[in-house]
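The block underneath contains the structure these notes are about, expressed in structure tokens.
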Amino acid sequence: MMKKTLAVAILAGMLIGSSGCSATGAAWQAAKIGKNMSKKDNYLTLSLDGMEAKQNKFKKGFSGYAKFKIKGTVSTSPTFRFAFADPTKFGRITSTNMQIHQAFEADYSHQAEYSITPRGSGPESLMKPDRAYNLGSIGGEMNVLDFERNSVGGVTLKPGLDYMLVFSISGDRSETMQVLFSTK
């Protein structure tokens, strides 16, 4: 991993240096990219229909953050799964929430198509790691609200559209993942 990070940092430094920046500026930019690439800022993994969400490492290197993306297309009622890359980083968890936003005018709608929250209170009602959730029929164990804030039994996305899933875990340590995906 360090060899790959170093190679990207050197390549970025050469690109910046060849664009007219001073050698010192290029070195600082390369160091910043290397730091961004090596920084561990995510302790969750997430998948839809068995496909894991991945970050664009090049974009993360330049900006410090990149949204996650599912490479293939998913069904209109996908299966969701999350896991902890390092469970010790979270401590006591008090909340798990999910929103799915539909693409809208070169961005994503600010109003979620679907919001999924625990039905009850307490740790036993939260989404559990390493468990597959069929979002199409998750309404029995979770509250699911549609775009108009009506309670529904599950998620039914429109085929052929782009979406952004926002998954949040709150507790001693909180984390939110934004995952871009498309439906079949």
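Going through the structure tokens in order, the chains are called A, B, and so on, while each chain numbers its residues from 1 and the ligands are numbered from 1 in the order shown.
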
Legend entry - Within 10 Å of Glu141 in chain A using only C-alpha atoms, minus same-chain residues under 2 positions, as a PyMOL selection string: chain A and resi 117-120+125-127+133+137-139+143-144+153

Would you list the contacts of Arg149 in chain A as an mmCIF file with N, CA, C and O atoms, in the first residue's frame, taking every protein, DNA or RNA residue within 10 Å and counting only C-alpha atoms, but skipping same-chain residues closer than 6 positions in sequence?
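Below is the file result_27.cif, written as the result:
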```cif
data_model
loop_
_atom_site.group_PDB
_atom_site.id
_atom_site.type_symbol
_atom_site.label_atom_id
_atom_site.label_comp_id
_atom_site.auth_asym_id
_atom_site.auth_seq_id
_atom_site.Cartn_x
_atom_site.Cartn_y
_atom_site.Cartn_z
ATOM 1 N N GLN A 111 -34.257 16.163 -0.727
ATOM 2 C CA GLN A 111 -35.261 15.379 -0.005
ATOM 3 C C GLN A 111 -35.056 13.904 -0.352
ATOM 4 O O GLN A 111 -34.995 13.544 -1.520
ATOM 5 N N ALA A 112 -34.951 13.073 0.647
ATOM 6 C CA ALA A 112 -34.720 11.649 0.416
ATOM 7 C C ALA A 112 -35.935 10.982 -0.210
ATOM 8 O O ALA A 112 -37.071 11.281 0.161
ATOM 9 N N GLU A 113 -35.676 10.082 -1.165
ATOM 10 C CA GLU A 113 -36.742 9.239 -1.714
ATOM 11 C C GLU A 113 -37.249 8.307 -0.628
ATOM 12 O O GLU A 113 -38.438 8.043 -0.531
ATOM 13 N N TYR A 114 -36.311 7.788 0.168
ATOM 14 C CA TYR A 114 -36.637 6.890 1.275
ATOM 15 C C TYR A 114 -35.742 7.216 2.460
ATOM 16 O O TYR A 114 -34.550 7.466 2.293
ATOM 17 N N SER A 115 -36.334 7.188 3.642
ATOM 18 C CA SER A 115 -35.589 7.327 4.902
ATOM 19 C C SER A 115 -35.877 6.079 5.724
ATOM 20 O O SER A 115 -37.034 5.688 5.884
#
```

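By only C-alpha atoms, and with residues fewer than 4 positions from range 42-45 of chain A along its chain excluded, the set lying at most 9 Å from it is Glu52, Ala53, Lys54, Arg81, Phe82, Ala83, Phe84, Ala85, Asp86, Pro87, Lys89, Phe90, Glu175, Thr176 and Met177 of chain A.
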
Inset, instruction - Compile the contact shell of Ser77 in chain A as number ranges by chain: residues with an atom at most 12 Å away, counting only C-alpha atoms, same-chain residues fewer than 2 positions apart removed. - result: A: 48-49, 73-75, 79-80, 100, 114, 133-138, 153-159, 182-184

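Checking A:Thr96, A:His101, A:Gly160, A:Gly140 one by one against Glu124 in chain A, counting only C-alpha atoms, you find the shortest gap at A:Thr96.
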
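Scanning range 23-176 of chain A with DSSP on the backbone, the alpha helix (DSSP H) assignments fall on A:Ala23, A:Thr24, A:Gly25, A:Ala26, A:Ala27, A:Trp28, A:Gln29, A:Ala30, A:Ala31, A:Lys32, A:Ile33, A:Gly34, A:Lys35, A:Asn36, A:Met37, A:Ser38, A:Lys57, A:Phe58, A:Lys59, A:Lys60, A:Gly61, A:Phe62, A:Ser63.
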
Please produce an output containing C-alpha atoms for each residue in the selection, written as an mmCIF file, in the first residue's frame.
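File out.cif, as written:
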```
data_model
loop_
_atom_site.group_PDB
_atom_site.id
_atom_site.type_symbol
_atom_site.label_atom_id
_atom_site.label_comp_id
_atom_site.auth_asym_id
_atom_site.auth_seq_id
_atom_site.Cartn_x
_atom_site.Cartn_y
_atom_site.Cartn_z
ATOM 1 C CA ALA A 23 9.532 22.697 -7.155
ATOM 2 C CA THR A 24 8.759 23.574 -3.540
ATOM 3 C CA GLY A 25 5.050 23.945 -4.307
ATOM 4 C CA ALA A 26 5.039 20.636 -6.140
ATOM 5 C CA ALA A 27 6.786 18.930 -3.241
ATOM 6 C CA TRP A 28 4.240 20.302 -0.756
ATOM 7 C CA GLN A 29 1.349 19.230 -3.002
ATOM 8 C CA ALA A 30 2.856 15.745 -3.377
ATOM 9 C CA ALA A 31 3.256 15.505 0.410
ATOM 10 C CA LYS A 32 -0.378 16.565 0.879
ATOM 11 C CA ILE A 33 -1.563 13.942 -1.616
ATOM 12 C CA GLY A 34 0.530 11.272 0.084
ATOM 13 C CA LYS A 35 -0.917 12.244 3.470
ATOM 14 C CA ASN A 36 -4.491 12.152 2.115
ATOM 15 C CA MET A 37 -3.903 8.743 0.524
ATOM 16 C CA SER A 38 -2.493 7.193 3.678
ATOM 17 C CA LYS A 57 -8.183 6.785 -4.428
ATOM 18 C CA PHE A 58 -6.919 9.365 -6.935
ATOM 19 C CA LYS A 59 -9.753 11.786 -6.097
ATOM 20 C CA LYS A 60 -9.248 11.176 -2.356
ATOM 21 C CA GLY A 61 -5.558 11.992 -2.770
ATOM 22 C CA PHE A 62 -6.225 15.369 -4.354
ATOM 23 C CA SER A 63 -9.234 16.553 -2.342
#
```

Legend entry - Test item, strand (DSSP E) assignment across range 100-181 of chain A, answer as a PyMOL selection string: chain A and resi 100-104+107-108+114-118+133-134+142-146+162-171+175-181

Legend entry - Residue with smallest distance to Leu161 in chain A - pool A:Leu180, A:Ala132, A:Leu145, A:Ala103, counting only C-alpha atoms: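 Among the listed residues, the smallest separation from Leu161 in chain A belongs to A:Ala103.
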